[in-house]
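Peer 1: Structure file query_36.pdb (PDB, C-alpha atoms and all ligand atoms) is given on the next line.
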ATOM      1  CA  MET X   1      20.572  -1.073  10.900  1.00  0.00           C
ATOM      2  CA  ALA X   2      18.074   0.591   8.568  1.00  0.00           C
ATOM      3  CA  LYS X   3      14.433  -0.234   9.141  1.00  0.00           C
ATOM      4  CA  LYS X   4      12.805  -1.813   6.109  1.00  0.00           C
ATOM      5  CA  ILE X   5       9.546  -0.416   4.816  1.00  0.00           C
ATOM      6  CA  GLY X   6       7.589  -2.338   2.210  1.00  0.00           C
ATOM      7  CA  ILE X   7       5.704  -0.372  -0.432  1.00  0.00           C
ATOM      8  CA  ILE X   8       2.677  -1.904  -2.127  1.00  0.00           C
ATOM      9  CA  VAL X   9       0.943  -0.052  -4.940  1.00  0.00           C
ATOM     10  CA  GLY X  10      -2.578  -1.131  -5.828  1.00  0.00           C
ATOM     11  CA  SER X  11      -2.426   0.128  -9.413  1.00  0.00           C
ATOM     12  CA  LEU X  12      -0.570  -1.863 -12.064  1.00  0.00           C
ATOM     13  CA  ARG X  13      -0.484   0.809 -14.766  1.00  0.00           C
ATOM     14  CA  LYS X  14       2.867   2.308 -15.598  1.00  0.00           C
ATOM     15  CA  ASP X  15       1.831   5.958 -15.240  1.00  0.00           C
ATOM     16  CA  SER X  16      -0.160   5.354 -12.059  1.00  0.00           C
ATOM     17  CA  PHE X  17      -0.705   8.431  -9.889  1.00  0.00           C
ATOM     18  CA  ASN X  18      -0.475   6.169  -6.865  1.00  0.00           C
ATOM     19  CA  LYS X  19       2.888   4.852  -7.987  1.00  0.00           C
ATOM     20  CA  ILE X  20       4.181   8.409  -8.397  1.00  0.00           C
ATOM     21  CA  ILE X  21       2.938   9.227  -4.900  1.00  0.00           C
ATOM     22  CA  ALA X  22       4.676   6.120  -3.534  1.00  0.00           C
ATOM     23  CA  GLU X  23       7.927   7.152  -5.244  1.00  0.00           C
ATOM     24  CA  THR X  24       7.557  10.626  -3.756  1.00  0.00           C
ATOM     25  CA  PHE X  25       7.162   9.161  -0.275  1.00  0.00           C
ATOM     26  CA  GLU X  26      10.271   7.066  -0.885  1.00  0.00           C
ATOM     27  CA  GLY X  27      12.154  10.256  -1.754  1.00  0.00           C
ATOM     28  CA  LEU X  28      10.964  11.934   1.453  1.00  0.00           C
ATOM     29  CA  LEU X  29      12.144   9.134   3.759  1.00  0.00           C
ATOM     30  CA  PRO X  30      14.828  10.250   6.214  1.00  0.00           C
ATOM     31  CA  ASP X  31      18.058   8.326   6.798  1.00  0.00           C
ATOM     32  CA  GLY X  32      17.656   5.098   8.684  1.00  0.00           C
ATOM     33  CA  TYR X  33      14.913   3.647   6.487  1.00  0.00           C
ATOM     34  CA  GLU X  34      15.135   1.482   3.411  1.00  0.00           C
ATOM     35  CA  VAL X  35      12.320   0.838   0.954  1.00  0.00           C
ATOM     36  CA  VAL X  36      11.469  -2.635  -0.300  1.00  0.00           C
ATOM     37  CA  TRP X  37       9.090  -2.567  -3.279  1.00  0.00           C
ATOM     38  CA  ILE X  38       6.658  -5.450  -2.992  1.00  0.00           C
ATOM     39  CA  GLU X  39       5.438  -6.350  -6.478  1.00  0.00           C
ATOM     40  CA  ILE X  40       1.901  -7.688  -6.757  1.00  0.00           C
ATOM     41  CA  GLY X  41       1.081  -7.537 -10.475  1.00  0.00           C
ATOM     42  CA  ASP X  42       2.205 -11.059 -11.377  1.00  0.00           C
ATOM     43  CA  LEU X  43       0.619 -12.966  -8.488  1.00  0.00           C
ATOM     44  CA  PRO X  44      -1.755 -15.702  -9.676  1.00  0.00           C
ATOM     45  CA  LEU X  45      -5.187 -15.348  -8.090  1.00  0.00           C
ATOM     46  CA  TYR X  46      -5.286 -17.059  -4.738  1.00  0.00           C
ATOM     47  CA  ASN X  47      -6.414 -20.675  -4.992  1.00  0.00           C
ATOM     48  CA  GLU X  48      -6.034 -22.815  -1.889  1.00  0.00           C
ATOM     49  CA  ASP X  49      -5.369 -25.960  -3.977  1.00  0.00           C
ATOM     50  CA  LEU X  50      -2.051 -24.486  -5.121  1.00  0.00           C
ATOM     51  CA  ASP X  51      -0.912 -24.097  -1.525  1.00  0.00           C
ATOM     52  CA  HIS X  52      -1.226 -27.890  -1.168  1.00  0.00           C
ATOM     53  CA  ASP X  53       0.277 -28.873  -4.534  1.00  0.00           C
ATOM     54  CA  ASP X  54       2.603 -26.469  -6.178  1.00  0.00           C
ATOM     55  CA  VAL X  55       3.062 -23.006  -4.671  1.00  0.00           C
ATOM     56  CA  PRO X  56       3.518 -20.441  -7.479  1.00  0.00           C
ATOM     57  CA  ALA X  57       6.976 -18.843  -7.444  1.00  0.00           C
ATOM     58  CA  ALA X  58       5.444 -15.362  -7.374  1.00  0.00           C
ATOM     59  CA  TRP X  59       3.478 -16.219  -4.201  1.00  0.00           C
ATOM     60  CA  GLN X  60       6.654 -17.492  -2.543  1.00  0.00           C
ATOM     61  CA  ARG X  61       8.503 -14.331  -3.556  1.00  0.00           C
ATOM     62  CA  LEU X  62       5.779 -12.124  -2.069  1.00  0.00           C
ATOM     63  CA  ARG X  63       5.749 -14.099   1.175  1.00  0.00           C
ATOM     64  CA  ASP X  64       9.542 -14.135   1.499  1.00  0.00           C
ATOM     65  CA  THR X  65       9.786 -10.420   0.745  1.00  0.00           C
ATOM     66  CA  ALA X  66       6.970  -9.408   3.082  1.00  0.00           C
ATOM     67  CA  LYS X  67       8.604 -11.328   5.940  1.00  0.00           C
ATOM     68  CA  THR X  68      11.711  -9.141   5.685  1.00  0.00           C
ATOM     69  CA  VAL X  69       9.996  -5.776   6.187  1.00  0.00           C
ATOM     70  CA  ASP X  70       9.263  -3.958   9.441  1.00  0.00           C
ATOM     71  CA  GLY X  71       6.140  -2.215   8.147  1.00  0.00           C
ATOM     72  CA  VAL X  72       4.148  -1.602   4.966  1.00  0.00           C
ATOM     73  CA  MET X  73       2.963   1.541   3.217  1.00  0.00           C
ATOM     74  CA  PHE X  74      -0.026   0.947   0.939  1.00  0.00           C
ATOM     75  CA  PHE X  75      -0.792   3.342  -1.934  1.00  0.00           C
ATOM     76  CA  THR X  76      -3.892   2.517  -3.874  1.00  0.00           C
ATOM     77  CA  PRO X  77      -6.592   3.834  -6.154  1.00  0.00           C
ATOM     78  CA  GLU X  78     -10.241   3.079  -5.587  1.00  0.00           C
ATOM     79  CA  TYR X  79     -11.949   0.733  -8.023  1.00  0.00           C
ATOM     80  CA  ASN X  80     -15.741   0.842  -7.871  1.00  0.00           C
ATOM     81  CA  ARG X  81     -15.653   2.188  -4.335  1.00  0.00           C
ATOM     82  CA  SER X  82     -13.401  -0.622  -3.143  1.00  0.00           C
ATOM     83  CA  VAL X  83      -9.828  -1.843  -3.522  1.00  0.00           C
ATOM     84  CA  PRO X  84      -8.399  -3.083  -6.828  1.00  0.00           C
ATOM     85  CA  ALA X  85      -8.448  -6.882  -6.995  1.00  0.00           C
ATOM     86  CA  ALA X  86      -4.648  -6.973  -7.257  1.00  0.00           C
ATOM     87  CA  ILE X  87      -4.105  -5.554  -3.786  1.00  0.00           C
ATOM     88  CA  LYS X  88      -6.757  -7.757  -2.171  1.00  0.00           C
ATOM     89  CA  ASN X  89      -5.185 -10.773  -3.861  1.00  0.00           C
ATOM     90  CA  ALA X  90      -1.766  -9.835  -2.479  1.00  0.00           C
ATOM     91  CA  ILE X  91      -3.164  -9.623   1.034  1.00  0.00           C
ATOM     92  CA  ASP X  92      -4.895 -12.977   0.594  1.00  0.00           C
ATOM     93  CA  VAL X  93      -1.725 -14.647  -0.722  1.00  0.00           C
ATOM     94  CA  GLY X  94       0.335 -13.292   2.180  1.00  0.00           C
ATOM     95  CA  SER X  95      -2.230 -14.370   4.740  1.00  0.00           C
ATOM     96  CA  ARG X  96      -2.045 -18.078   3.896  1.00  0.00           C
ATOM     97  CA  PRO X  97      -1.452 -20.992   4.435  1.00  0.00           C
ATOM     98  CA  MET X  98      -3.434 -20.830   7.652  1.00  0.00           C
ATOM     99  CA  GLY X  99      -1.148 -19.983  10.540  1.00  0.00           C
ATOM    100  CA  GLN X 100       1.583 -18.553   8.294  1.00  0.00           C
ATOM    101  CA  ASN X 101       0.247 -15.022   7.804  1.00  0.00           C
ATOM    102  CA  VAL X 102       3.205 -12.828   6.832  1.00  0.00           C
ATOM    103  CA  TRP X 103       1.445  -9.538   7.594  1.00  0.00           C
ATOM    104  CA  GLY X 104       0.739  -9.970  11.295  1.00  0.00           C
ATOM    105  CA  GLY X 105       2.080  -7.267  13.592  1.00  0.00           C
ATOM    106  CA  LYS X 106       3.576  -5.128  10.824  1.00  0.00           C
ATOM    107  CA  PRO X 107       2.498  -1.485  11.162  1.00  0.00           C
ATOM    108  CA  ALA X 108       0.815  -0.075   8.066  1.00  0.00           C
ATOM    109  CA  VAL X 109      -0.365   3.174   6.569  1.00  0.00           C
ATOM    110  CA  VAL X 110      -3.014   3.471   3.858  1.00  0.00           C
ATOM    111  CA  VAL X 111      -2.779   6.282   1.326  1.00  0.00           C
ATOM    112  CA  THR X 112      -5.465   6.478  -1.351  1.00  0.00           C
ATOM    113  CA  ALA X 113      -5.480   8.840  -4.304  1.00  0.00           C
ATOM    114  CA  SER X 114      -7.904   9.573  -7.096  1.00  0.00           C
ATOM    115  CA  PRO X 115      -8.615  12.127  -9.807  1.00  0.00           C
ATOM    116  CA  GLY X 116     -12.058  12.247  -8.175  1.00  0.00           C
ATOM    117  CA  ALA X 117     -12.972  14.441  -5.247  1.00  0.00           C
ATOM    118  CA  ILE X 118     -13.487  11.712  -2.652  1.00  0.00           C
ATOM    119  CA  GLY X 119      -9.824  10.632  -2.749  1.00  0.00           C
ATOM    120  CA  GLY X 120     -10.430   6.904  -2.618  1.00  0.00           C
ATOM    121  CA  PHE X 121     -12.257   6.957   0.703  1.00  0.00           C
ATOM    122  CA  GLY X 122     -14.099   3.690  -0.083  1.00  0.00           C
ATOM    123  CA  ALA X 123     -10.922   1.838  -1.008  1.00  0.00           C
ATOM    124  CA  ASN X 124      -9.131   3.219   2.024  1.00  0.00           C
ATOM    125  CA  HIS X 125     -11.707   1.807   4.403  1.00  0.00           C
ATOM    126  CA  HIS X 126     -12.193  -1.499   2.613  1.00  0.00           C
ATOM    127  CA  LEU X 127      -8.447  -2.027   2.780  1.00  0.00           C
ATOM    128  CA  ARG X 128      -8.461  -1.207   6.489  1.00  0.00           C
ATOM    129  CA  GLN X 129     -11.066  -3.916   7.055  1.00  0.00           C
ATOM    130  CA  SER X 130      -8.714  -6.590   5.671  1.00  0.00           C
ATOM    131  CA  LEU X 131      -5.671  -5.142   7.435  1.00  0.00           C
ATOM    132  CA  THR X 132      -7.510  -5.441  10.739  1.00  0.00           C
ATOM    133  CA  PHE X 133      -8.133  -9.125  10.128  1.00  0.00           C
ATOM    134  CA  VAL X 134      -4.550  -9.881   9.060  1.00  0.00           C
ATOM    135  CA  ASP X 135      -3.455  -8.113  12.243  1.00  0.00           C
ATOM    136  CA  MET X 136      -1.622  -5.099  10.875  1.00  0.00           C
ATOM    137  CA  PRO X 137      -1.813  -2.135  13.243  1.00  0.00           C
ATOM    138  CA  THR X 138      -2.733   0.758  10.930  1.00  0.00           C
ATOM    139  CA  LEU X 139      -2.185   4.496  11.348  1.00  0.00           C
ATOM    140  CA  GLN X 140      -5.564   6.040  12.039  1.00  0.00           C
ATOM    141  CA  GLN X 141      -4.768   9.745  12.084  1.00  0.00           C
ATOM    142  CA  PRO X 142      -4.081  11.700  10.044  1.00  0.00           C
ATOM    143  CA  GLU X 143      -6.092  10.029   7.282  1.00  0.00           C
ATOM    144  CA  ALA X 144      -4.762  10.174   3.732  1.00  0.00           C
ATOM    145  CA  TYR X 145      -7.413  10.613   1.045  1.00  0.00           C
ATOM    146  CA  ILE X 146      -5.770  12.491  -1.816  1.00  0.00           C
ATOM    147  CA  GLY X 147      -8.491  13.835  -4.120  1.00  0.00           C
ATOM    148  CA  ASN X 148      -8.349  15.724  -7.443  1.00  0.00           C
ATOM    149  CA  ILE X 149      -4.807  14.493  -7.787  1.00  0.00           C
ATOM    150  CA  PRO X 150      -3.922  15.739 -11.311  1.00  0.00           C
ATOM    151  CA  GLN X 151      -4.702  19.295 -10.201  1.00  0.00           C
ATOM    152  CA  HIS X 152      -1.906  19.058  -7.639  1.00  0.00           C
ATOM    153  CA  MET X 153       0.730  17.761 -10.034  1.00  0.00           C
ATOM    154  CA  ASP X 154       3.096  19.137 -12.627  1.00  0.00           C
ATOM    155  CA  GLY X 155       4.666  16.146 -14.348  1.00  0.00           C
ATOM    156  CA  ASN X 156       5.782  13.894 -11.515  1.00  0.00           C
ATOM    157  CA  HIS X 157       5.989  16.745  -9.007  1.00  0.00           C
ATOM    158  CA  PHE X 158       3.385  17.799  -6.491  1.00  0.00           C
ATOM    159  CA  ASP X 159       2.543  21.305  -5.376  1.00  0.00           C
ATOM    160  CA  GLU X 160       3.846  22.503  -2.044  1.00  0.00           C
ATOM    161  CA  PRO X 161       0.691  21.990   0.064  1.00  0.00           C
ATOM    162  CA  THR X 162       0.385  18.419  -1.221  1.00  0.00           C
ATOM    163  CA  THR X 163       4.047  17.633  -0.584  1.00  0.00           C
ATOM    164  CA  GLY X 164       3.672  19.162   2.872  1.00  0.00           C
ATOM    165  CA  PHE X 165       0.709  16.889   3.509  1.00  0.00           C
ATOM    166  CA  PHE X 166       2.745  13.865   2.364  1.00  0.00           C
ATOM    167  CA  GLU X 167       5.427  14.827   4.904  1.00  0.00           C
ATOM    168  CA  ILE X 168       2.830  15.034   7.669  1.00  0.00           C
ATOM    169  CA  ILE X 169       1.537  11.549   6.811  1.00  0.00           C
ATOM    170  CA  LEU X 170       5.012  10.085   6.499  1.00  0.00           C
ATOM    171  CA  ASN X 171       6.228  11.550   9.797  1.00  0.00           C
ATOM    172  CA  ALA X 172       3.118  10.336  11.609  1.00  0.00           C
ATOM    173  CA  TYR X 173       3.595   6.883  10.126  1.00  0.00           C
ATOM    174  CA  LEU X 174       7.268   6.667  11.094  1.00  0.00           C
ATOM    175  CA  LYS X 175       6.418   7.722  14.648  1.00  0.00           C
ATOM    176  CA  PHE X 176       3.690   5.056  14.692  1.00  0.00           C
ATOM    177  CA  LEU X 177       6.035   2.401  13.248  1.00  0.00           C
ATOM    178  CA  ASN X 178       8.636   3.133  15.893  1.00  0.00           C
ATOM    179  CA  ARG X 179       6.124   2.396  18.635  1.00  0.00           C
ATOM    180  CA  PHE X 180       6.194  -1.222  17.415  1.00  0.00           C
ATOM    181  CA  VAL X 181       9.711  -1.686  16.008  1.00  0.00           C
ATOM    182  CA  ASP X 182      12.970  -1.258  17.990  1.00  0.00           C
TER     183      ASP X 182
HETATM  184  C1  LIG X 201     -11.781   3.665 -11.460  1.00  0.00           C
HETATM  185  N1  LIG X 201     -11.676   4.954 -10.955  1.00  0.00           N
HETATM  186  C2  LIG X 201     -12.353   5.286  -9.798  1.00  0.00           C
HETATM  187  N2  LIG X 201     -12.086   6.466  -9.121  1.00  0.00           N
HETATM  188  C3  LIG X 201     -12.685   6.737  -7.943  1.00  0.00           C
HETATM  189  O1  LIG X 201     -12.419   7.775  -7.338  1.00  0.00           O
HETATM  190  N3  LIG X 201     -13.608   5.880  -7.423  1.00  0.00           N
HETATM  191  C4  LIG X 201     -13.947   4.715  -8.024  1.00  0.00           C
HETATM  192  O2  LIG X 201     -14.751   3.960  -7.501  1.00  0.00           O
HETATM  193  C5  LIG X 201     -13.305   4.392  -9.258  1.00  0.00           C
HETATM  194  N4  LIG X 201     -13.583   3.230  -9.903  1.00  0.00           N
HETATM  195  C6  LIG X 201     -12.761   2.797 -10.922  1.00  0.00           C
HETATM  196  C7  LIG X 201     -12.874   1.488 -11.404  1.00  0.00           C
HETATM  197  C8  LIG X 201     -11.988   1.031 -12.361  1.00  0.00           C
HETATM  198  C9  LIG X 201     -12.073  -0.395 -12.833  1.00  0.00           C
HETATM  199  C10 LIG X 201     -10.990   1.905 -12.880  1.00  0.00           C
HETATM  200  C11 LIG X 201      -9.999   1.406 -13.925  1.00  0.00           C
HETATM  201  C12 LIG X 201     -10.907   3.194 -12.451  1.00  0.00           C
HETATM  202  C13 LIG X 201     -10.763   5.937 -11.583  1.00  0.00           C
HETATM  203  C14 LIG X 201      -9.381   5.853 -10.946  1.00  0.00           C
HETATM  204  O3  LIG X 201      -9.364   6.619  -9.747  1.00  0.00           O
HETATM  205  C15 LIG X 201      -8.346   6.402 -11.920  1.00  0.00           C
HETATM  206  O4  LIG X 201      -8.288   5.575 -13.054  1.00  0.00           O
HETATM  207  C16 LIG X 201      -6.969   6.499 -11.272  1.00  0.00           C
HETATM  208  O5  LIG X 201      -6.100   7.184 -12.107  1.00  0.00           O
HETATM  209  C17 LIG X 201      -6.415   5.142 -10.929  1.00  0.00           C
HETATM  210  O6  LIG X 201      -5.264   5.269 -10.141  1.00  0.00           O
HETATM  211  P1  LIG X 201      -3.790   5.198 -10.753  1.00  0.00           P
HETATM  212  O7  LIG X 201      -3.751   4.038 -11.708  1.00  0.00           O
HETATM  213  O8  LIG X 201      -3.566   6.504 -11.455  1.00  0.00           O
HETATM  214  O9  LIG X 201      -2.889   5.029  -9.574  1.00  0.00           O
END
So, in terms of structure tokens, how does the structure I just supplied come out?
Peer 2:
Amino acid sequence: MAKKIGIIVGSLRKDSFNKIIAETFEGLLPDGYEVVWIEIGDLPLYNEDLDHDDVPAAWQRLRDTAKTVDGVMFFTPEYNRSVPAAIKNAIDVGSRPMGQNVWGGKPAVVVTASPGAIGGFGANHHLRQSLTFVDMPTLQQPEAYIGNIPQHMDGNHFDEPTTGFFEIILNAYLKFLNRFVD
């Protein structure tokens, strides 16, 4: 049976570089893996009251979907040297109600990309801080900070060194995932 890999993209804009990178990773996946896109753009902001009264349908969808995947690949820009609120909100929603964290034990990889030179380093590490707490083992090496991204693209295609780097990250992640998933 194919292993299921969730993809979460931290940017909501339609022409997002991070989304294009995520789609490229999807295209590079070998046989035996299936991608599940985990949408986060329509999740109401986490409010604990709603978990007692009337759970929003979009929260339930995220939780149900996340439960089905074997691991998660995160692709995100950096906003003000941290993660976009949308991705933090998705992690918060999936982590609750207390004791029903859907993320626990699922191996993750964090890829950050930016038109800037630093490649989303700040977002990458802020995201890792939350992933540690929600108990997602996360690939540590190689690290994936993709800087100056438009210079490596022609339309939706990446130059050869960048694509080669994506393959290195993906292969390392799949090897890591398979340490945890039969
Ligand atoms: C940014 N951007 C940005 N870039 C960066 O390298 N470090 C940063 O701290 C920030 N901060 C930031 C805040 C906000 C609110 C926005 C909207 C943007 C620029 C960002 O990297 C750029 O818009 C990317 O293109 C966003 O990624 P997507 O949407 O292309 O995936």
Peer 1: When you look at Asn171 in chain X with a cut-off of 12 Å (counting all atoms listed in the file), what residues show up, excluding the ones that are within fewer than 5 positions of it in the same chain? I need them as a PyMOL selection string.
Peer 2: chain X and resi 25+28-30+109+139+141-142+164-166+176-178
Peer 1: Have a look at CA of Ala86 in chain X and atom C9 of ligand LIG 201 (chain X) and let me know their distance in Å, one decimal.
Peer 2: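 For CA of Ala86 in chain X relative to atom C9 of ligand LIG 201 (chain X), the distance reads 11.4 Å.
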Peer 1: So which residues get picked by the PyMOL selection byres (((chain X and resi 72-76) around 6) and not hetatm) here, written as a VMD selection string?
Peer 2: chain X and resid 5 to 10 18 71 77 108 to 112
Peer 1: Of the candidates X:Arg81, X:His157, X:Arg63, X:Arg96, which shows the shortest atom-to-atom distance to Gly122 in chain X, using only C-alpha atoms?
Peer 2: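 Selected residue with least distance to Gly122 in chain X: X:Arg81.
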Peer 1: Hey, which bits of chain X sit within 9 Å of ligand LIG 201 (chain X), and for each residue what's the closest pair of atoms and how far apart in Å (one decimal), counting all atoms listed in the file, rows by chain and increasing number, as a tab-separated table?
Peer 2:
residue	atom	partner	partner_atom	distance
X:Val9	CA	X:LIG201	O9	7.9
X:Gly10	CA	X:LIG201	O9	7.2
X:Ser11	CA	X:LIG201	O7	4.7
X:Leu12	CA	X:LIG201	O7	6.7
X:Arg13	CA	X:LIG201	O7	5.5
X:Lys14	CA	X:LIG201	O7	7.9
X:Asp15	CA	X:LIG201	O8	6.6
X:Ser16	CA	X:LIG201	O8	3.6
X:Phe17	CA	X:LIG201	O8	3.8
X:Asn18	CA	X:LIG201	O9	3.8
X:Lys19	CA	X:LIG201	O9	6.0
X:Ile20	CA	X:LIG201	O9	7.9
X:Ile21	CA	X:LIG201	O9	8.6
X:Phe75	CA	X:LIG201	O9	8.1
X:Thr76	CA	X:LIG201	O9	6.3
X:Pro77	CA	X:LIG201	O6	4.4
X:Glu78	CA	X:LIG201	C4	4.7
X:Tyr79	CA	X:LIG201	N4	3.5
X:Asn80	CA	X:LIG201	O2	3.3
X:Arg81	CA	X:LIG201	O2	3.7
X:Ser82	CA	X:LIG201	O2	6.5
X:Val83	CA	X:LIG201	O2	8.6
X:Pro84	CA	X:LIG201	C9	7.5
X:Thr112	CA	X:LIG201	O9	8.7
X:Ala113	CA	X:LIG201	O6	6.8
X:Ser114	CA	X:LIG201	O3	4.2
X:Pro115	CA	X:LIG201	O3	5.6
X:Gly116	CA	X:LIG201	O1	4.6
X:Ala117	CA	X:LIG201	O1	7.0
X:Ile118	CA	X:LIG201	O1	6.2
X:Gly119	CA	X:LIG201	O1	6.0
X:Gly120	CA	X:LIG201	O1	5.2
X:Phe121	CA	X:LIG201	O1	8.1
X:Gly122	CA	X:LIG201	O2	7.5
X:Ala123	CA	X:LIG201	O2	7.8
X:Gly147	CA	X:LIG201	O1	7.9
X:Asn148	CA	X:LIG201	O1	8.9
X:Ile149	CA	X:LIG201	O5	8.6
X:Pro150	CA	X:LIG201	O5	8.9
Peer 1: Padding 5 Å on every side, please: axis-aligned box over the listed atoms of range 164-173 of chain X, centre and edge lengths to one decimal in Å, as lines of an AutoDock Vina configuration file.
Peer 2:
center_x = 3.5
center_y = 13.0
center_z = 7.0
size_x = 15.5
size_y = 22.3
size_z = 19.2
Peer 1: Could you work out how far CA of Gly94 in chain X lies from CA of Ala66 in chain X, giving the answer in Å with one decimal?
Peer 2: 7.7 Å
Peer 1: To one decimal place, how far is CA of Gln151 in chain X from CA of Leu174 in chain X in Å?
Peer 2: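 That distance, rounded to one decimal, is 27.5 Å.
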Peer 1: Taking all atoms listed in the file into account, name the residue in X:Met136, X:Thr162, X:Glu167, X:Gln100 that is nearest to Glu26 in chain X.
Peer 2: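 For Glu26 in chain X, the nearest of the candidates is X:Glu167.
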Peer 1: Care to translate the PyMOL selection byres (((chain X and resi 64) around 12) and not hetatm) into actual residues of this file, as a ChimeraX atom specification?
Peer 2: /X:6,36,38-39,57-63,65-69,93-94,100-103
Peer 1: Apply the PyMOL selection byres (((chain X and resi 47) around 12) and not hetatm) to the displayed file and report the matching residues as a list in words.
Peer 2: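 Applying the expression gives Leu43, Pro44, Leu45, Tyr46, Glu48, Asp49, Leu50, Asp51, His52, Asp53, Asp54, Val55, Pro56, Trp59, Asn89, Asp92, Val93, Arg96 and Pro97 of chain X.
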Peer 1: In terms of the shortest atom-to-atom distance over all atoms listed in the file, which of X:Asp31, X:Asp154, X:Asp70, X:Asp42 is closest to Lys4 in chain X?
Peer 2: X:Asp70
Peer 1: Counting only C-alpha atoms, which of X:Gly41, X:Gly104, X:Gly27, X:Gly155 gets nearest to Asp135 in chain X?
Peer 2: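 Closest to Asp135 in chain X of all the choices is X:Gly104.
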Peer 1: Which is closer to Thr138 in chain X than all the others in X:Lys106, X:His126, X:Lys3, X:His152, using all atoms listed in the file?
Peer 2: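 Answer, going by the shortest atom-to-atom distance: X:Lys106.
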Peer 1: Of the candidates X:Ala85, X:Val134, X:Ala22, X:Ile40, which one gets nearest to Gly105 in chain X if we count only C-alpha atoms?
Peer 2: X:Val134
